[in-house]
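Next up, coords_24.txt (compact mmCIF, C-alpha atoms and all ligand atoms):
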```txt
# COMPACT_ATOMS: atom_id res chain seq x y z
CA GLU A 1 14.02 16.91 -5.09
CA ASN A 2 14.45 20.65 -4.94
CA TYR A 3 14.08 22.58 -1.74
CA HIS A 4 10.72 24.13 -2.62
CA ALA A 5 9.19 20.82 -3.53
CA VAL A 6 10.41 19.48 -0.20
CA LEU A 7 8.95 22.46 1.65
CA THR A 8 5.56 22.05 -0.02
CA GLU A 9 5.60 18.37 0.75
CA ASN A 10 6.52 19.10 4.34
CA ARG A 11 3.68 21.53 4.78
CA LYS A 12 1.25 18.90 3.52
CA LEU A 13 2.87 16.38 5.77
CA PHE A 14 2.72 18.73 8.72
CA ASN A 15 -1.03 19.18 8.25
CA GLU A 16 -1.52 15.45 8.08
CA LEU A 17 0.54 15.00 11.20
CA GLN A 18 -1.37 17.68 13.09
CA GLU A 19 -4.50 15.62 12.64
CA LEU A 20 -2.83 12.62 14.12
CA LYS A 21 -1.44 14.43 17.14
CA GLY A 22 -1.56 12.33 20.27
CA ASN A 23 -2.89 9.36 18.38
CA ILE A 24 -1.41 6.00 17.81
CA ARG A 25 -1.75 4.36 14.47
CA VAL A 26 -2.01 0.61 14.26
CA PHE A 27 -1.09 -1.25 11.08
CA CYS A 28 -1.72 -4.97 11.01
CA ARG A 29 0.52 -7.13 8.81
CA VAL A 30 -0.32 -10.74 8.06
CA ARG A 31 2.73 -12.78 7.19
CA PRO A 32 2.57 -15.35 4.39
CA PHE A 33 2.71 -19.10 4.92
CA LEU A 34 6.29 -20.22 4.71
CA PRO A 35 7.47 -22.94 2.34
CA GLY A 36 7.38 -26.36 3.96
CA GLN A 37 4.71 -25.54 6.52
CA GLY A 38 2.31 -28.15 5.21
CA ALA A 39 -1.20 -27.47 3.96
CA PRO A 40 -2.00 -23.87 4.87
CA ASN A 41 -5.06 -23.46 7.02
CA THR A 42 -5.59 -19.75 7.44
CA VAL A 43 -7.67 -17.91 10.00
CA VAL A 44 -7.70 -14.78 7.85
CA GLU A 45 -11.07 -14.52 6.15
CA TYR A 46 -10.96 -11.05 4.71
CA VAL A 47 -8.52 -8.15 4.39
CA GLY A 48 -10.13 -4.86 3.39
CA GLU A 49 -8.47 -1.82 1.84
CA ASP A 50 -10.08 0.30 4.52
CA GLY A 51 -8.25 -1.50 7.31
CA GLU A 52 -10.86 -4.13 7.99
CA LEU A 53 -9.77 -7.59 9.01
CA VAL A 54 -12.02 -10.58 9.56
CA VAL A 55 -10.68 -13.73 11.20
CA THR A 56 -12.32 -17.13 11.63
CA ASN A 57 -12.19 -19.31 14.67
CA PRO A 58 -11.04 -22.64 13.18
CA THR A 59 -13.02 -24.62 15.74
CA ARG A 60 -16.26 -22.78 15.01
CA PRO A 61 -16.01 -21.80 11.35
CA ARG A 62 -18.82 -19.86 9.67
CA LYS A 63 -21.44 -19.92 12.42
CA ASP A 64 -20.41 -17.65 15.25
CA GLY A 65 -16.69 -17.91 14.69
CA LEU A 66 -16.10 -14.67 12.79
CA ARG A 67 -14.48 -11.66 14.43
CA LYS A 68 -14.09 -8.30 12.79
CA PHE A 69 -11.34 -5.79 13.53
CA ARG A 70 -10.51 -2.42 12.13
CA PHE A 71 -7.07 -0.84 12.10
CA ASN A 72 -5.57 2.10 10.27
CA LYS A 73 -4.30 -0.35 7.72
CA VAL A 74 -4.17 -4.08 7.16
CA TYR A 75 -1.59 -5.73 4.91
CA SER A 76 -2.29 -9.02 3.22
CA PRO A 77 0.52 -11.60 3.05
CA ALA A 78 1.32 -10.33 -0.45
CA ALA A 79 2.39 -6.86 0.71
CA THR A 80 6.01 -6.04 -0.06
CA GLN A 81 8.56 -4.32 2.16
CA ALA A 82 8.53 -1.37 -0.26
CA GLU A 83 4.74 -0.99 -0.03
CA VAL A 84 4.86 -1.02 3.74
CA PHE A 85 7.58 1.60 3.82
CA THR A 86 5.74 3.90 1.41
CA ASP A 87 2.94 4.16 3.96
CA ILE A 88 5.20 5.16 6.81
CA LYS A 89 7.56 7.42 4.90
CA PRO A 90 5.82 10.67 5.98
CA LEU A 91 6.14 9.63 9.59
CA VAL A 92 9.82 8.82 9.23
CA ARG A 93 10.52 12.09 7.42
CA SER A 94 8.84 14.14 10.13
CA VAL A 95 11.86 13.34 12.33
CA LEU A 96 13.85 15.75 10.15
CA ASP A 97 11.35 18.45 11.11
CA GLY A 98 11.92 17.87 14.79
CA PHE A 99 9.28 15.31 15.69
CA ASN A 100 9.81 12.29 17.93
CA VAL A 101 8.57 9.10 16.35
CA CYS A 102 8.24 5.59 17.74
CA ILE A 103 7.63 2.58 15.52
CA PHE A 104 6.97 -0.77 17.20
CA ALA A 105 6.56 -4.32 15.97
CA TYR A 106 4.33 -6.41 18.23
CA GLY A 107 3.32 -10.06 17.91
CA GLN A 108 4.13 -13.62 18.87
CA THR A 109 7.49 -15.15 17.98
CA GLY A 110 7.57 -16.09 14.30
CA SER A 111 4.88 -13.60 13.25
CA GLY A 112 7.28 -11.43 11.23
CA LYS A 113 8.36 -8.66 13.63
CA THR A 114 12.02 -8.83 12.67
CA TYR A 115 11.10 -9.26 9.02
CA THR A 116 9.15 -6.00 9.12
CA MET A 117 11.70 -4.04 11.13
CA THR A 118 14.99 -5.39 9.77
CA GLY A 119 14.22 -7.82 6.95
CA PRO A 120 15.20 -11.46 6.50
CA ASP A 121 18.77 -12.58 7.30
CA GLY A 122 21.23 -11.17 4.77
CA ALA A 123 18.49 -9.15 3.07
CA SER A 124 19.12 -7.58 -0.31
CA GLU A 125 18.00 -3.99 -0.74
CA GLU A 126 14.62 -5.14 -2.02
CA ASP A 127 13.98 -7.09 1.20
CA TRP A 128 15.19 -4.39 3.56
CA GLY A 129 12.89 -3.76 6.48
CA VAL A 130 11.84 -0.46 8.01
CA ASN A 131 15.15 0.19 9.82
CA TYR A 132 17.40 0.32 6.75
CA ARG A 133 14.78 2.01 4.59
CA ALA A 134 14.17 4.69 7.20
CA LEU A 135 17.83 5.56 7.59
CA ASN A 136 18.33 5.45 3.83
CA ASP A 137 15.43 7.84 3.34
CA LEU A 138 16.63 10.21 6.07
CA PHE A 139 20.04 10.43 4.40
CA LYS A 140 18.43 11.09 1.03
CA ILE A 141 16.24 13.92 2.30
CA SER A 142 18.98 15.44 4.42
CA GLN A 143 21.23 15.54 1.33
CA SER A 144 18.53 17.36 -0.61
CA ARG A 145 18.26 20.01 2.12
CA LYS A 146 22.00 20.48 2.51
CA GLY A 147 22.98 24.14 2.54
CA ASN A 148 19.54 25.13 3.80
CA ILE A 149 19.43 22.79 6.74
CA ASN A 150 22.49 20.78 7.65
CA TYR A 151 21.85 17.56 9.51
CA GLU A 152 23.87 15.30 11.76
CA VAL A 153 22.63 11.79 12.43
CA GLY A 154 23.63 9.49 15.30
CA VAL A 155 22.57 5.95 16.10
CA GLN A 156 22.23 4.02 19.37
CA MET A 157 21.19 0.42 19.74
CA VAL A 158 20.11 -1.13 23.02
CA GLU A 159 18.22 -4.17 24.17
CA ILE A 160 16.06 -4.67 27.22
CA TYR A 161 16.40 -8.12 28.70
CA ASN A 162 14.94 -9.03 32.09
CA GLU A 163 14.34 -5.34 32.84
CA GLN A 164 17.99 -4.54 32.25
CA VAL A 165 19.08 -2.11 29.54
CA LEU A 166 22.08 -3.35 27.57
CA ASP A 167 24.20 -1.43 25.07
CA LEU A 168 24.42 -3.41 21.84
CA LEU A 169 27.18 -1.23 20.43
CA SER A 170 29.69 -1.62 23.23
CA ASN A 171 31.35 -4.34 25.28
CA ASP A 172 30.50 -2.41 28.42
CA ARG A 173 27.00 -3.56 28.15
CA ILE A 174 24.91 -2.94 31.24
CA LEU A 175 23.46 0.56 31.44
CA SER A 176 21.76 2.17 34.36
CA THR A 177 20.79 5.74 33.56
CA ILE A 178 17.59 6.55 31.79
CA SER A 179 16.89 10.24 31.35
CA GLN A 180 13.49 11.80 30.88
CA ASN A 181 14.39 14.05 28.00
CA GLY A 182 16.86 14.33 25.21
CA LEU A 183 18.91 11.19 24.98
CA ALA A 184 16.85 8.24 26.06
CA VAL A 185 19.87 6.37 27.37
CA PRO A 186 22.62 8.95 27.87
CA ASP A 187 25.37 6.44 28.53
CA ALA A 188 24.61 4.12 25.62
CA SER A 189 27.23 4.57 22.94
CA MET A 190 26.17 6.72 20.04
CA TYR A 191 27.82 6.55 16.66
CA PRO A 192 27.60 9.26 14.03
CA VAL A 193 26.44 7.87 10.69
CA LYS A 194 26.75 9.44 7.28
CA SER A 195 25.53 6.74 4.94
CA THR A 196 23.42 3.62 4.78
CA SER A 197 26.55 1.50 4.66
CA ASP A 198 27.64 2.98 8.04
CA VAL A 199 24.23 1.92 9.35
CA ILE A 200 24.56 -1.61 7.99
CA THR A 201 27.95 -1.98 9.67
CA LEU A 202 26.58 -0.79 13.02
CA MET A 203 23.47 -2.93 12.87
CA ASP A 204 25.58 -6.00 12.10
CA ILE A 205 27.61 -5.35 15.25
CA GLY A 206 24.44 -4.80 17.27
CA LEU A 207 22.77 -7.93 16.02
CA GLN A 208 25.90 -9.96 16.77
CA ASN A 209 26.06 -8.62 20.32
CA ARG A 210 22.42 -9.44 20.79
CA SER A 211 23.15 -13.12 20.46
CA VAL A 212 25.98 -13.13 23.04
CA GLY A 213 25.03 -15.19 26.07
CA ALA A 214 22.11 -16.83 24.35
CA THR A 215 21.92 -20.54 23.72
CA ALA A 216 20.46 -19.88 20.30
CA MET A 217 20.15 -16.52 18.64
CA ASN A 218 16.46 -16.86 17.93
CA GLU A 219 15.76 -17.69 21.50
CA ARG A 220 17.40 -14.60 22.88
CA SER A 221 16.00 -12.24 20.30
CA SER A 222 12.48 -13.40 20.99
CA ARG A 223 12.90 -12.70 24.70
CA SER A 224 14.30 -9.21 24.60
CA HIS A 225 13.17 -5.90 23.14
CA SER A 226 15.62 -4.28 20.77
CA ILE A 227 15.59 -0.56 20.19
CA VAL A 228 17.44 1.30 17.46
CA THR A 229 17.36 5.04 18.15
CA VAL A 230 18.17 7.55 15.47
CA HIS A 231 19.04 11.03 16.72
CA VAL A 232 18.81 13.88 14.28
CA ARG A 233 20.15 17.39 14.74
CA GLY A 234 19.38 19.93 12.05
CA LYS A 235 20.84 23.42 11.82
CA ASP A 236 19.02 26.01 9.77
CA MET A 237 21.86 27.74 7.90
CA LYS A 238 19.96 31.03 7.49
CA THR A 239 18.60 31.58 10.97
CA GLY A 240 21.10 29.47 12.89
CA SER A 241 18.29 27.77 14.80
CA VAL A 242 18.71 24.12 15.67
CA LEU A 243 16.10 21.36 15.79
CA TYR A 244 16.23 17.88 17.25
CA GLY A 245 14.18 14.85 16.33
CA ASN A 246 14.45 11.21 17.15
CA LEU A 247 13.18 7.97 15.79
CA HIS A 248 12.86 4.82 17.88
CA LEU A 249 12.58 1.56 15.97
CA VAL A 250 11.47 -1.14 18.36
CA ASP A 251 11.39 -4.90 17.77
CA LEU A 252 9.49 -6.14 20.81
CA ALA A 253 9.94 -9.47 22.57
CA GLY A 254 7.52 -12.22 21.52
CA SER A 255 4.08 -11.63 23.02
CA GLU A 256 3.16 -15.32 23.37
CA ARG A 257 1.77 -16.36 26.69
CA VAL A 258 3.87 -18.84 28.54
CA ASP A 259 2.21 -21.61 30.47
CA ARG A 260 3.38 -20.99 34.01
CA SER A 261 2.95 -24.56 35.03
CA GLU A 262 5.39 -25.61 32.30
CA VAL A 263 8.32 -23.30 32.86
CA LYS A 264 10.64 -22.65 35.78
CA GLY A 265 13.75 -20.64 36.65
CA ASP A 266 15.21 -18.45 33.89
CA ARG A 267 12.37 -19.06 31.45
CA LEU A 268 9.77 -18.10 34.03
CA ARG A 269 11.66 -14.97 34.99
CA GLU A 270 11.99 -13.94 31.34
CA ALA A 271 8.32 -14.58 30.72
CA GLN A 272 7.34 -12.47 33.72
CA HIS A 273 9.54 -9.57 32.62
CA ILE A 274 8.22 -9.67 29.06
CA ASN A 275 4.67 -9.85 30.27
CA LYS A 276 5.14 -6.92 32.57
CA SER A 277 6.78 -4.68 29.97
CA LEU A 278 4.30 -5.46 27.19
CA SER A 279 1.36 -4.86 29.46
CA SER A 280 2.95 -1.62 30.70
CA LEU A 281 3.36 -0.52 27.10
CA GLY A 282 -0.31 -1.30 26.48
CA ASP A 283 -1.30 0.63 29.61
CA VAL A 284 0.74 3.69 28.59
CA ILE A 285 -0.66 3.80 25.07
CA PHE A 286 -4.18 3.18 26.34
CA SER A 287 -3.89 5.96 28.94
CA LEU A 288 -2.57 8.33 26.28
CA ALA A 289 -5.39 7.45 23.89
CA SER A 290 -8.02 7.90 26.59
CA LYS A 291 -6.42 11.22 27.64
CA SER A 292 -5.92 10.01 31.17
CA SER A 293 -4.27 12.48 33.57
CA HIS A 294 -1.82 9.87 34.83
CA ILE A 295 0.35 8.04 32.32
CA PRO A 296 2.08 5.06 33.99
CA TYR A 297 5.48 5.36 32.31
CA ARG A 298 7.39 4.20 35.36
CA ASN A 299 6.09 0.64 35.42
CA SER A 300 8.70 -0.78 33.05
CA LYS A 301 12.12 0.01 31.61
CA LEU A 302 10.64 -0.02 28.11
CA THR A 303 8.10 2.72 28.79
CA GLN A 304 10.57 4.70 30.91
CA LEU A 305 13.09 4.65 28.13
CA LEU A 306 10.59 5.71 25.50
CA GLN A 307 8.76 8.25 27.65
CA SER A 308 9.81 11.32 25.69
CA SER A 309 8.71 9.65 22.47
CA LEU A 310 5.32 8.40 23.62
CA GLY A 311 2.61 10.99 24.03
CA GLY A 312 2.77 14.79 23.74
CA GLN A 313 3.76 15.79 20.23
CA ALA A 314 5.28 12.40 19.51
CA LYS A 315 3.90 10.07 16.86
CA THR A 316 3.46 6.38 17.53
CA LEU A 317 2.92 3.60 15.04
CA MET A 318 2.51 -0.05 15.91
CA PHE A 319 2.88 -2.89 13.46
CA VAL A 320 0.79 -5.72 14.76
CA GLN A 321 2.14 -8.91 13.25
CA LEU A 322 -0.07 -11.89 12.61
CA ASN A 323 0.75 -15.51 11.90
CA PRO A 324 -2.19 -16.64 9.73
CA ASP A 325 -1.92 -20.32 10.68
CA ALA A 326 -5.01 -21.84 12.31
CA ILE A 327 -2.70 -23.41 14.90
CA SER A 328 -1.88 -19.90 16.13
CA TYR A 329 -5.50 -18.82 16.40
CA SER A 330 -5.62 -18.24 20.12
CA GLU A 331 -2.30 -16.31 20.16
CA SER A 332 -3.49 -14.28 17.17
CA MET A 333 -6.69 -13.40 18.98
CA SER A 334 -4.80 -12.16 22.00
CA THR A 335 -2.53 -10.12 19.70
CA LEU A 336 -5.56 -8.61 17.97
CA LYS A 337 -7.24 -7.82 21.27
CA PHE A 338 -4.13 -6.03 22.47
CA ALA A 339 -4.04 -4.09 19.19
CA GLU A 340 -7.70 -3.24 19.48
CA ARG A 341 -7.22 -1.96 22.99
CA VAL A 342 -4.31 0.33 22.06
CA SER A 343 -6.02 1.62 18.94
CA GLY A 344 -9.16 2.36 20.90
CA VAL A 345 -11.53 0.81 18.39
CA GLU A 346 -13.57 -2.24 19.32
CA LEU A 347 -15.91 -3.74 16.75
CA GLY A 348 -16.98 -7.07 18.24
CA ALA A 349 -18.44 -10.06 16.44
CA ALA A 350 -18.76 -10.00 12.68
CA LYS A 351 -21.97 -11.13 10.99
CA SER A 352 -20.71 -12.19 7.60
CA SER A 353 -17.38 -12.78 5.98
CA LYS A 354 -17.33 -9.21 4.63
P1 LIG A 401 9.53 -12.69 14.67
O1 LIG A 401 10.55 -11.61 14.61
O2 LIG A 401 8.16 -12.18 14.96
O3 LIG A 401 9.91 -13.83 15.59
P2 LIG A 401 10.42 -13.28 11.98
O4 LIG A 401 10.50 -11.90 11.44
O5 LIG A 401 11.70 -13.94 12.39
O6 LIG A 401 9.40 -13.35 13.21
O7 LIG A 401 9.63 -14.17 10.93
C1 LIG A 401 9.52 -15.58 11.03
C2 LIG A 401 9.85 -16.18 9.65
O8 LIG A 401 8.88 -15.74 8.70
C3 LIG A 401 11.18 -15.76 9.12
O9 LIG A 401 11.73 -16.85 8.41
C4 LIG A 401 10.84 -14.62 8.17
O10 LIG A 401 11.82 -14.45 7.15
C5 LIG A 401 9.50 -15.08 7.60
N1 LIG A 401 8.63 -13.94 7.24
C6 LIG A 401 8.01 -13.11 8.10
N2 LIG A 401 7.28 -12.19 7.45
C7 LIG A 401 7.45 -12.43 6.14
C8 LIG A 401 6.94 -11.82 4.94
N3 LIG A 401 6.14 -10.75 4.97
N4 LIG A 401 7.33 -12.36 3.76
C9 LIG A 401 8.14 -13.43 3.71
N5 LIG A 401 8.64 -14.05 4.80
C10 LIG A 401 8.31 -13.57 6.00
```

Encoded form using structure tokens:
Amino acid sequence: ENYHAVLTENRKLFNELQELKGNIRVFCRVRPFLPGQGAPNTVVEYVGEDGELVVTNPTRPRKDGLRKFRFNKVYSPAATQAEVFTDIKPLVRSVLDGFNVCIFAYGQTGSGKTYTMTGPDGASEEDWGVNYRALNDLFKISQSRKGNINYEVGVQMVEIYNEQVLDLLSNDRILSTISQNGLAVPDASMYPVKSTSDVITLMDIGLQNRSVGATAMNERSSRSHSIVTVHVRGKDMKTGSVLYGNLHLVDLAGSERVDRSEVKGDRLREAQHINKSLSSLGDVIFSLASKSSHIPYRNSKLTQLLQSSLGGQAKTLMFVQLNPDAISYSESMSTLKFAERVSGVELGAAKSSK
């Protein structure tokens, strides 16, 4: 890509982004049935190219059991990692122009959040999730601008567990300071990265640290939020001016409701913390979307940490992950209702299957 082509593309991109200012985009991704799950019984009735999704209540099929939703995009189970990334590429690239971008994955445990953000365990390049693809793309574009704008890229990786922020890239794990601007967590270690292989090495360390102290890795990762933050500093070699952008890639804790009568002790505490932070996130996004004068950032560590990247000129995208299995119907409905609330579009009952 030559510099002029990039500039033209950026201008187009900038115009697109101006339209989206202050808005959150919600993309819904339905994961496929996994091998060995028995006879698939799906709640997904219809996936439209225009972002329409119709789901069926398995206990009241056909009659009054259809619900229609509309998001900015809906992916059928057949969508590939590459297709998903193509749609978010402009957003990712805007970080190199000095924007702050936040990309979340929301959904119950097992709905494909980690698959979308990171990819399956030991993913080949084809299966890479958003995290690797984003960094890879940022390196590619920054190379093509070299000499005109020179970039430096740094990565932090933290997790929020029981309202405590932990550094995933250091043994000194517990962090206390959260600043309002610039670095989200100033005392979390930050590593400069120059290539995708540097990123892979770091993420491996981070993912390993995430499992420390957990009885089983899956358990811990479904009960904490993990945040990869990419800091970009670009220096214009002609004018000497410097721009900063950052990209937060957030794999949220599982959104499933926990039956309070069934759990005690640690599990109950975890559930309460997750509940509180996910509902705070919903409240912040909802207040931003409804242009409220008070945005309740301070109600959770998650929203405090992401404050400078939620609202204002920042761009937010949420992947809402859906498990299509009829068994998950009630969890899926609560996921979709959350998504509907943050996207600000409520459609109500659907009349037909289309
Ligand atoms: P979560 O992070 O929400 O708990 P995972 O990302 O771990 O869920 O997904 C659960 C399982 O489903 C994993 O085995 C994952 O590889 C698989 N999976 C999720 N989404 C897809 C997809 N789009 N294509 C193929 N397999 C998927």

Fill in: Nearby polymer residues, ligand LIG 401 (chain A), at most 10 Å, all atoms listed in the file, as an MDAnalysis selection string
chainID A and resid 29:35 75:81 84 105:121 123 127 129 218:219 221:223 251:255 320:323

Item to complete: Record the distance separating CA of Met333 in chain A and CA of Phe104 in chain A, expressed in Å with one decimal.
Response: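 Result for CA of Met333 in chain A versus CA of Phe104 in chain A: 18.7 Å, one decimal.
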
Worksheet item: Using all atoms listed in the file, which residues sit within 10 Å of Asn275 in chain A once same-chain residues fewer than 5 positions away are excluded, as a ChimeraX atom specification?
Response: /A:253-258,269-270,280-281

Discussion item. Report, in Å with one decimal, the straight-line distance from CA of Arg62 in chain A to CA of Glu331 in chain A.
Written reply: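 CA of Glu331 in chain A lies at a distance of 19.9 Å from CA of Arg62 in chain A.
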
Item to complete: Have a look at A:Arg298, A:Leu288, A:Leu317, A:Gln307 and name the one nearest to Pro90 in chain A; count all atoms listed in the file.
Response: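 With all atoms listed in the file as the atom set, the closest residue is A:Leu317.
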
Fill in: Exercise: Glu163 in chain A partners within 8 Å, all atoms listed in the file, chain neighbours under 5 positions left out, as a ChimeraX atom specification
/A:273,300-301

Fill in: Nearest candidate to Asp87 in chain A (options A:Asp187, A:Lys68, A:Val44, A:Phe319; using only C-alpha atoms)
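Smallest separation from Asp87 in chain A among the options: A:Phe319.
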
Worksheet item: Between CA of Gln313 in chain A and CA of Val250 in chain A, what is the spacing in Å?
Response: 18.7 Å

Item to complete: Find the spatial neighbours of range 225-241 of chain A, counting only C-alpha atoms, within a cut-off of 8 Å - ignore same-chain residues fewer than 3 positions away - and output them as number ranges by chain.
Response: A: 95-96, 98, 147-161, 221-222, 244-253

Discussion item. When you look at Val55 in chain A with a cut-off of 9 Å (counting only C-alpha atoms), what residues show up, excluding the ones that are within fewer than 4 positions of it in the same chain? I need them as a list in words.
Written reply: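 The neighbour list is Thr42, Val43, Val44, Glu45, Tyr46, Gly65, Leu66, Arg67, Lys68, Phe69, Tyr329, Met333 and Ser353 of chain A.
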
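Among A:Ser124, A:Ile174, A:Ser94, A:Leu168, the residue with the shortest atom-to-atom distance to Ile141 in chain A, counting only C-alpha atoms, is A:Ser94.
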
Need the shell around His294 in chain A: protein/DNA/RNA residues with any atom at most 12 Å away, counting all atoms listed in the file. Skip same-chain ones fewer than 3 positions apart. Format as a PDB file with C-alpha atoms, in the frame of the given file?
```pdb
ATOM      1  CA  ASP A 283      -1.300   0.630  29.610  1.00  0.00           C
ATOM      2  CA  VAL A 284       0.740   3.690  28.590  1.00  0.00           C
ATOM      3  CA  ILE A 285      -0.660   3.800  25.070  1.00  0.00           C
ATOM      4  CA  PHE A 286      -4.180   3.180  26.340  1.00  0.00           C
ATOM      5  CA  SER A 287      -3.890   5.960  28.940  1.00  0.00           C
ATOM      6  CA  LEU A 288      -2.570   8.330  26.280  1.00  0.00           C
ATOM      7  CA  ALA A 289      -5.390   7.450  23.890  1.00  0.00           C
ATOM      8  CA  SER A 290      -8.020   7.900  26.590  1.00  0.00           C
ATOM      9  CA  LYS A 291      -6.420  11.220  27.640  1.00  0.00           C
ATOM     10  CA  TYR A 297       5.480   5.360  32.310  1.00  0.00           C
ATOM     11  CA  ARG A 298       7.390   4.200  35.360  1.00  0.00           C
ATOM     12  CA  GLY A 311       2.610  10.990  24.030  1.00  0.00           C
TER      13      GLY A 311
END
```

Worksheet item: So, counting all atoms listed in the file, which residue among A:Cys102, A:Asp64, A:Asn72, A:Thr86 is closest to Ser308 in chain A?
Response: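 Going through A:Cys102, A:Asp64, A:Asn72, A:Thr86 one by one, the smallest distance to Ser308 in chain A is for A:Cys102.
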